[in-house]
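Before any comments, here is the structure.
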Amino acid sequence: MHPAPSVIVFTTLSGLGFGLLFFLGLGLPDVTGWVAFTFFAIAYALAVGGLMASTFHLGHPERALKAFTQWKSSWLSREGWCAVIALVLMGLYALGVVFLGQRWGLLGLLGSVFSILTVFTTSMIYTQLRTIPRWNMKLTPAMFLSFSLAGGALLAGQVGAALPLLLVAALVQLGYWQMGDRALAHSGTDLGTATGLGTRGSVRAFEPPHTGTNYLLREFVHVVGRKHSDKLRIIAFGLAFVVPGILLLLPFGHLFALIAVLSHLAGVATSRWLFFAQAEHVVGLYYGKR
Amino acid sequence: MTELPTTTERKMGLVIDLDTCVGCHACVISCKGWNTENYGAPLSDQNPYGADPSGTFLNRVHSYEVQPETGPAQLIHFPKSCLHCEDAPCVTVCPTGASYKRVEDGIVLVNESDCIGCGLCAWSCPYGARELDQAEGVMKKCTLCVDRIYNENLPEEDRVPSCVRTCPAGARHFGDFADPDSHVSKLTAERGGMDLMPEMDTKPVNKYLPPRPKDQIDEQIDILAPLLAPVAEEAGGFLGWLDKALDKMPGGSR
Ligand code: SF4
Ligand code: SF4
Ligand code: SF4
């Protein structure tokens, strides 16, 4: 898949933002006033900034409200609803905490639930696609959720929670890469089933429909070299999990916390780039590109 | 509505005959010609006369080579447009309700004024049947020429999809798959019409007819072969001596 910056920025930032909101809704850290204001400002900047970025790849962003209509069948529509509900609930909750020094526990809890549901619905947009075997795995939502929770804990300064959550996310990441590399072969889809000609012999794409490129090739066929992707995986893993993990083990300070967060952010963004760039859409088979 | 109908009254679609298709791309051109000036936004081209032309098409023709375990390879031309799937994933993923499947005839369409151009439906289609128009920012796909097949202003013989009407080889057939006696249902039954990527569970309505087995002419390649056999296998006499003498000279073949 084409690794469009808008979707990478969107999933990375909003994943972190909603992860932070999840912890804030649970009263972790239990802060009020200006400190709480700062936390909420960061969370909203990330979550809303990510959502805004996601509208950049729309052909008609001005019609975006229509996307709220099909929640019964569409994960993208459900994501829209969950995001709005989470942001409204957490906004009200934040009013209480920041300005009134009041912690409305139930409201916060509901806000947390919808925050994490938003991340889940985002992941299901990708997971539901059988056309992309690498995404069509149970580990995809596990990856989005574990990343969001680990990043959220890190941002919320919850050292005790962040360490085990980072570990879980790191393990999920390794499993995801391991299984993802075999997903296309395991799906059973190849040029033979795509053309229905596989039972007659080995099928080879002889001539494409046109000499130039097209929307399908630009959007769905992106090939990353093996060496290149191996390097990026090491970078992603190191930045997202190893560096923050080590920093958390050292005596904690604001500077270290900032470096840990930035490193994690860069690592997750790299991992997301790979998530898109390495995903093989089966339509590539028709063009002999797999 | 992007919930799929459980059943449709009719199942209109195409049979594409891989045996007869000659790969002339006439259906590609006629599809573009009809659809760029009828249903919805035109099918735009980007940089059409430049170095890197590309554009929106609803129907494209690939060519594949199939190499059986023994015998010569076969070249198969492979037209591909929307298969109007019964379990169309492109419909259920759509957040706006722009994509829908019609209850009356099963045609899958996009209501362009509702489409936000998110592209998710194209992501969900295994066949590459949907293309986001780069000029209009809305999703384009085969309409089964919905504006021809019921169009009373057209002479009766033209009330079929443009690609079907155009195909010079008669490789594309249009009809109702819900009717077991229809031309397309019979063709599918007789010729073993197949689904593309059946493992995706999209239940495509369009069927592909596999190429017929090639005629076998055993041993003898050409009926003229006996007449063309060499008269003398081994040269003898003076010619034989000359042949050998020439070979012995420097630069000879032995
Ligand atoms: S071929 Fe693709 S676009 Fe057409 S109905 Fe099936 S999934 Fe949808
Ligand atoms: S591109 Fe348009 S038709 Fe396709 S899923 Fe998005 S809104 Fe629906
Ligand atoms: S049925 Fe019409 S829109 Fe569909 S491929 Fe044929 S000409 Fe194009």
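Within each chain, counting starts at residue 1; across the structure tokens, chains are named A, B, ... in the order shown, with ligands numbered 1 upward in that order.
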Determine, counting only C-alpha atoms, which protein, DNA and RNA residues have an atom within 8 Å of an atom of Ile107 of chain B; residues of the same chain fewer than 4 positions away are not included. Present the result as a compact mmCIF listing (two decimals) with C-alpha atoms, in the first residue's frame.
```txt
# COMPACT_ATOMS: atom_id res chain seq x y z
CA LYS B 11 -28.73 -10.62 -10.74
CA MET B 12 -27.61 -8.68 -13.75
CA GLY B 13 -24.04 -9.19 -14.82
CA HIS B 84 -21.09 -6.83 -9.08
CA LYS B 101 -26.14 -2.59 -4.22
CA ARG B 102 -29.52 -2.28 -5.88
CA THR B 143 -22.22 0.83 -13.62
CA LEU B 144 -23.14 -2.14 -15.78
```
Report task. Return as a VMD selection string every polymer residue, whether protein, DNA or RNA, with at least one atom no more than 9 Å from an atom of ligand 3; count only C-alpha atoms and all ligand atoms. Result -> chain B and resid 13 to 14 27 to 35 57 to 60 79 to 83 141 to 148 160 to 166 172 174
Go ahead and save the picked residues with N, CA, C and O atoms, as a short mmCIF file (atom, residue, chain, number, x, y, z; two decimals), in the first residue's frame.
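Contents of result_27.cif, as written:
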```cif
data_model
loop_
_atom_site.label_atom_id
_atom_site.label_comp_id
_atom_site.auth_asym_id
_atom_site.auth_seq_id
_atom_site.Cartn_x
_atom_site.Cartn_y
_atom_site.Cartn_z
N GLY B 13 -25.50 -9.16 -14.77
CA GLY B 13 -24.04 -9.19 -14.82
C GLY B 13 -23.53 -9.66 -16.17
O GLY B 13 -24.30 -9.81 -17.12
N LEU B 14 -22.23 -9.89 -16.22
CA LEU B 14 -21.58 -10.24 -17.48
C LEU B 14 -20.97 -11.64 -17.42
O LEU B 14 -20.53 -12.09 -16.36
N CYS B 27 -13.44 -2.95 -25.88
CA CYS B 27 -14.38 -2.74 -24.76
C CYS B 27 -13.86 -1.66 -23.82
O CYS B 27 -14.64 -0.92 -23.21
N VAL B 28 -12.53 -1.58 -23.69
CA VAL B 28 -11.94 -0.57 -22.81
C VAL B 28 -12.27 0.82 -23.33
O VAL B 28 -12.71 1.70 -22.58
N ILE B 29 -12.10 0.98 -24.63
CA ILE B 29 -12.32 2.28 -25.25
C ILE B 29 -13.80 2.64 -25.27
O ILE B 29 -14.19 3.76 -24.96
N SER B 30 -14.64 1.66 -25.61
CA SER B 30 -16.06 1.99 -25.70
C SER B 30 -16.63 2.25 -24.31
O SER B 30 -17.49 3.11 -24.13
N CYS B 31 -16.11 1.55 -23.30
CA CYS B 31 -16.55 1.79 -21.92
C CYS B 31 -16.18 3.21 -21.52
O CYS B 31 -17.00 3.95 -20.98
N LYS B 32 -14.96 3.58 -21.80
CA LYS B 32 -14.53 4.93 -21.43
C LYS B 32 -15.33 5.98 -22.19
O LYS B 32 -15.76 6.97 -21.63
N GLY B 33 -15.55 5.71 -23.47
CA GLY B 33 -16.28 6.66 -24.30
C GLY B 33 -17.71 6.88 -23.81
O GLY B 33 -18.16 8.01 -23.65
N TRP B 34 -18.41 5.79 -23.49
CA TRP B 34 -19.79 5.93 -23.02
C TRP B 34 -19.82 6.57 -21.64
O TRP B 34 -20.59 7.51 -21.38
N ASN B 35 -19.01 6.06 -20.76
CA ASN B 35 -19.15 6.45 -19.35
C ASN B 35 -18.54 7.80 -19.02
O ASN B 35 -18.86 8.37 -17.99
N PHE B 57 -10.25 4.36 -15.70
CA PHE B 57 -10.93 3.40 -16.57
C PHE B 57 -11.79 2.48 -15.71
O PHE B 57 -11.41 2.16 -14.58
N LEU B 58 -12.92 2.04 -16.25
CA LEU B 58 -13.79 1.14 -15.50
C LEU B 58 -13.61 -0.30 -15.94
O LEU B 58 -14.22 -1.21 -15.40
N ASN B 59 -12.81 -0.48 -16.94
CA ASN B 59 -12.64 -1.80 -17.55
C ASN B 59 -11.24 -1.81 -18.15
O ASN B 59 -10.87 -0.87 -18.84
N ARG B 60 -10.46 -2.83 -17.81
CA ARG B 60 -9.10 -2.91 -18.34
C ARG B 60 -8.84 -4.34 -18.80
O ARG B 60 -9.39 -5.28 -18.23
N PRO B 79 -10.15 -9.46 -19.76
CA PRO B 79 -10.81 -8.20 -19.45
C PRO B 79 -11.34 -8.23 -18.01
O PRO B 79 -11.79 -9.26 -17.53
N LYS B 80 -11.24 -7.11 -17.33
CA LYS B 80 -11.68 -7.07 -15.93
C LYS B 80 -12.40 -5.76 -15.64
O LYS B 80 -11.86 -4.68 -15.83
N SER B 81 -13.65 -5.90 -15.18
CA SER B 81 -14.43 -4.75 -14.73
C SER B 81 -15.12 -5.21 -13.45
O SER B 81 -14.91 -6.33 -13.01
N CYS B 82 -15.94 -4.36 -12.84
CA CYS B 82 -16.60 -4.75 -11.58
C CYS B 82 -17.41 -6.02 -11.78
O CYS B 82 -18.10 -6.18 -12.79
N LEU B 83 -17.34 -6.93 -10.82
CA LEU B 83 -18.04 -8.21 -10.93
C LEU B 83 -19.39 -8.20 -10.23
O LEU B 83 -20.05 -9.22 -10.11
N LYS B 141 -16.67 3.46 -10.86
CA LYS B 141 -16.68 2.03 -11.09
C LYS B 141 -17.67 1.71 -12.20
O LYS B 141 -18.51 2.55 -12.53
N CYS B 142 -17.57 0.49 -12.71
CA CYS B 142 -18.50 0.02 -13.74
C CYS B 142 -19.93 0.11 -13.22
O CYS B 142 -20.22 -0.33 -12.11
N THR B 143 -20.82 0.68 -14.02
CA THR B 143 -22.22 0.83 -13.62
C THR B 143 -23.09 -0.24 -14.27
O THR B 143 -24.31 -0.19 -14.18
N LEU B 144 -22.46 -1.19 -14.92
CA LEU B 144 -23.14 -2.14 -15.78
C LEU B 144 -23.96 -1.37 -16.83
O LEU B 144 -24.98 -1.85 -17.32
N CYS B 145 -23.47 -0.18 -17.12
CA CYS B 145 -24.16 0.70 -18.08
C CYS B 145 -25.64 0.82 -17.75
O CYS B 145 -26.51 0.61 -18.61
N VAL B 146 -25.91 1.15 -16.50
CA VAL B 146 -27.28 1.25 -16.01
C VAL B 146 -28.07 2.28 -16.80
O VAL B 146 -29.29 2.22 -16.89
N ASP B 147 -27.34 3.21 -17.43
CA ASP B 147 -28.01 4.25 -18.22
C ASP B 147 -28.22 3.82 -19.68
O ASP B 147 -28.67 4.60 -20.49
N ARG B 148 -27.87 2.60 -20.02
CA ARG B 148 -28.15 2.07 -21.36
C ARG B 148 -29.19 0.96 -21.29
O ARG B 148 -30.10 0.91 -22.11
N VAL B 160 -27.85 -2.76 -24.11
CA VAL B 160 -26.92 -3.66 -23.42
C VAL B 160 -25.70 -2.81 -23.07
O VAL B 160 -25.53 -1.73 -23.62
N PRO B 161 -24.85 -3.28 -22.16
CA PRO B 161 -23.66 -2.49 -21.83
C PRO B 161 -22.83 -2.17 -23.06
O PRO B 161 -22.78 -2.95 -24.01
N SER B 162 -22.19 -1.03 -23.00
CA SER B 162 -21.40 -0.55 -24.13
C SER B 162 -20.31 -1.55 -24.52
O SER B 162 -20.06 -1.79 -25.71
N CYS B 163 -19.66 -2.13 -23.53
CA CYS B 163 -18.57 -3.07 -23.81
C CYS B 163 -19.09 -4.32 -24.51
O CYS B 163 -18.42 -4.86 -25.40
N VAL B 164 -20.30 -4.75 -24.13
CA VAL B 164 -20.89 -5.95 -24.72
C VAL B 164 -21.25 -5.66 -26.17
O VAL B 164 -20.98 -6.45 -27.08
N ARG B 165 -21.85 -4.48 -26.39
CA ARG B 165 -22.28 -4.08 -27.73
C ARG B 165 -21.08 -3.95 -28.65
O ARG B 165 -21.16 -4.24 -29.85
N THR B 166 -19.96 -3.52 -28.12
CA THR B 166 -18.79 -3.22 -28.94
C THR B 166 -17.96 -4.44 -29.28
O THR B 166 -17.39 -4.52 -30.36
N ARG B 172 -18.10 -10.90 -24.63
CA ARG B 172 -18.80 -10.40 -23.44
C ARG B 172 -20.29 -10.57 -23.63
O ARG B 172 -20.85 -10.21 -24.66
N PHE B 174 -24.26 -10.28 -21.66
CA PHE B 174 -24.95 -9.60 -20.58
C PHE B 174 -26.27 -10.29 -20.33
O PHE B 174 -26.94 -10.72 -21.27
#
```
Report task. Find the residue from B:Val108, B:Cys85, B:Leu18, B:Leu120 that sits nearest to Gln128 of chain A; use only C-alpha atoms when measuring. Result ->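 Checking each of B:Val108, B:Cys85, B:Leu18, B:Leu120 against Gln128 of chain A, counting only C-alpha atoms, the winner is B:Leu120.
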Query raised in the report: When the cut-off is 8 Å and we count only C-alpha atoms, which residues of chain A are near chain B, given as a ChimeraX atom specification?
Result: /A:57-64,66-77,129-131,188-189,193-197,200-209,212-216,220,281-283,286-287
Report summary line: From atom 8 (Fe, counted along the ligand's line) of ligand 2 to atom CA of Pro5 of chain B the spacing works out at 16.8 Å
Query - For Ile234 of chain A: contacts at 10 Å, only C-alpha atoms, fewer than 6 positions along chain excluded, given as an MDAnalysis selection string - result: chainID A and resid 240 267 270:271
Query - Secondary structure check, helix (DSSP H, G or I) residues of segment 34-261 of chain A, as JSON, numbers by chain - result: {"A": [34, 35, 36, 37, 38, 39, 40, 41, 42, 43, 44, 45, 46, 47, 48, 49, 50, 51, 52, 53, 54, 55, 61, 62, 63, 64, 65, 66, 67, 68, 75, 76, 77, 78, 79, 80, 81, 82, 83, 84, 85, 86, 87, 88, 89, 90, 91, 92, 93, 94, 95, 96, 97, 98, 99, 100, 105, 106, 107, 108, 109, 110, 111, 112, 113, 114, 115, 116, 117, 118, 119, 120, 121, 122, 123, 124, 125, 126, 127, 139, 140, 141, 142, 143, 144, 145, 146, 147, 148, 149, 150, 151, 152, 153, 154, 155, 159, 160, 161, 162, 163, 164, 165, 166, 167, 168, 169, 170, 171, 172, 173, 174, 175, 176, 177, 178, 179, 180, 181, 182, 183, 184, 185, 186, 187, 191, 192, 193, 194, 195, 198, 199, 200, 215, 216, 217, 218, 219, 220, 226, 227, 228, 229, 230, 231, 232, 233, 234, 235, 236, 237, 238, 239, 240, 241, 242, 243, 244, 245, 246, 247, 248, 249, 254, 255, 256, 257, 258, 259, 260, 261]}
Query - Shell of 6 Å around Leu16 of chain A, only C-alpha atoms, local chain residues under 3 positions omitted, as an MDAnalysis selection string - result: chainID A and resid 13 19 148 151:152
Please write the residues from the selection above to a file, keeping all heavy atoms, as a compact mmCIF listing (two decimals), in the first residue's frame.
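After the write, result_15.txt holds the following:
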```
# COMPACT_ATOMS: atom_id res chain seq x y z
N LEU A 13 -0.43 9.73 15.68
CA LEU A 13 -0.76 10.78 16.65
C LEU A 13 -2.06 10.47 17.40
O LEU A 13 -2.12 10.58 18.63
CB LEU A 13 -0.87 12.14 15.97
CG LEU A 13 0.41 12.70 15.36
CD1 LEU A 13 0.19 14.12 14.91
CD2 LEU A 13 1.58 12.62 16.34
N GLY A 19 -4.67 7.21 23.66
CA GLY A 19 -4.05 6.44 24.73
C GLY A 19 -3.87 7.31 25.97
O GLY A 19 -4.15 6.87 27.10
N SER A 148 -1.09 2.01 21.61
CA SER A 148 -1.79 3.18 22.15
C SER A 148 -1.71 3.21 23.67
O SER A 148 -1.47 4.27 24.28
CB SER A 148 -3.25 3.13 21.69
OG SER A 148 -4.00 4.08 22.36
N GLY A 151 2.00 3.95 24.73
CA GLY A 151 2.31 5.36 24.48
C GLY A 151 1.56 6.27 25.45
O GLY A 151 2.10 7.26 25.95
N GLY A 152 0.29 5.91 25.70
CA GLY A 152 -0.52 6.69 26.62
C GLY A 152 0.07 6.69 28.02
O GLY A 152 0.17 7.74 28.68
```
Query raised in the report: Between atom CA of Leu166 of chain A and atom CA of Gly245 of chain A, what is the spacing in Å?
Result: 7.1 Å
**Report entry** Asp230 of chain A surroundings by only C-alpha atoms, 12 Å radius, close-in-sequence under 5 positions cut, as number ranges by chain
**Finding:** A: 177-178, 181, 224-225, 235-237, 270-271, 274, 278
Requested in this report: Pick out each residue of segment 47-229 of chain B that DSSP on the backbone tags as strand (DSSP E or B); I need them as a count of residues only.
Outcome: 40
Report task. For atom CA of Pro204 of chain B and atom CA of Glu9 of chain B, determine how far apart the two atoms are, in Å to one decimal place. Result -> 15.9 Å
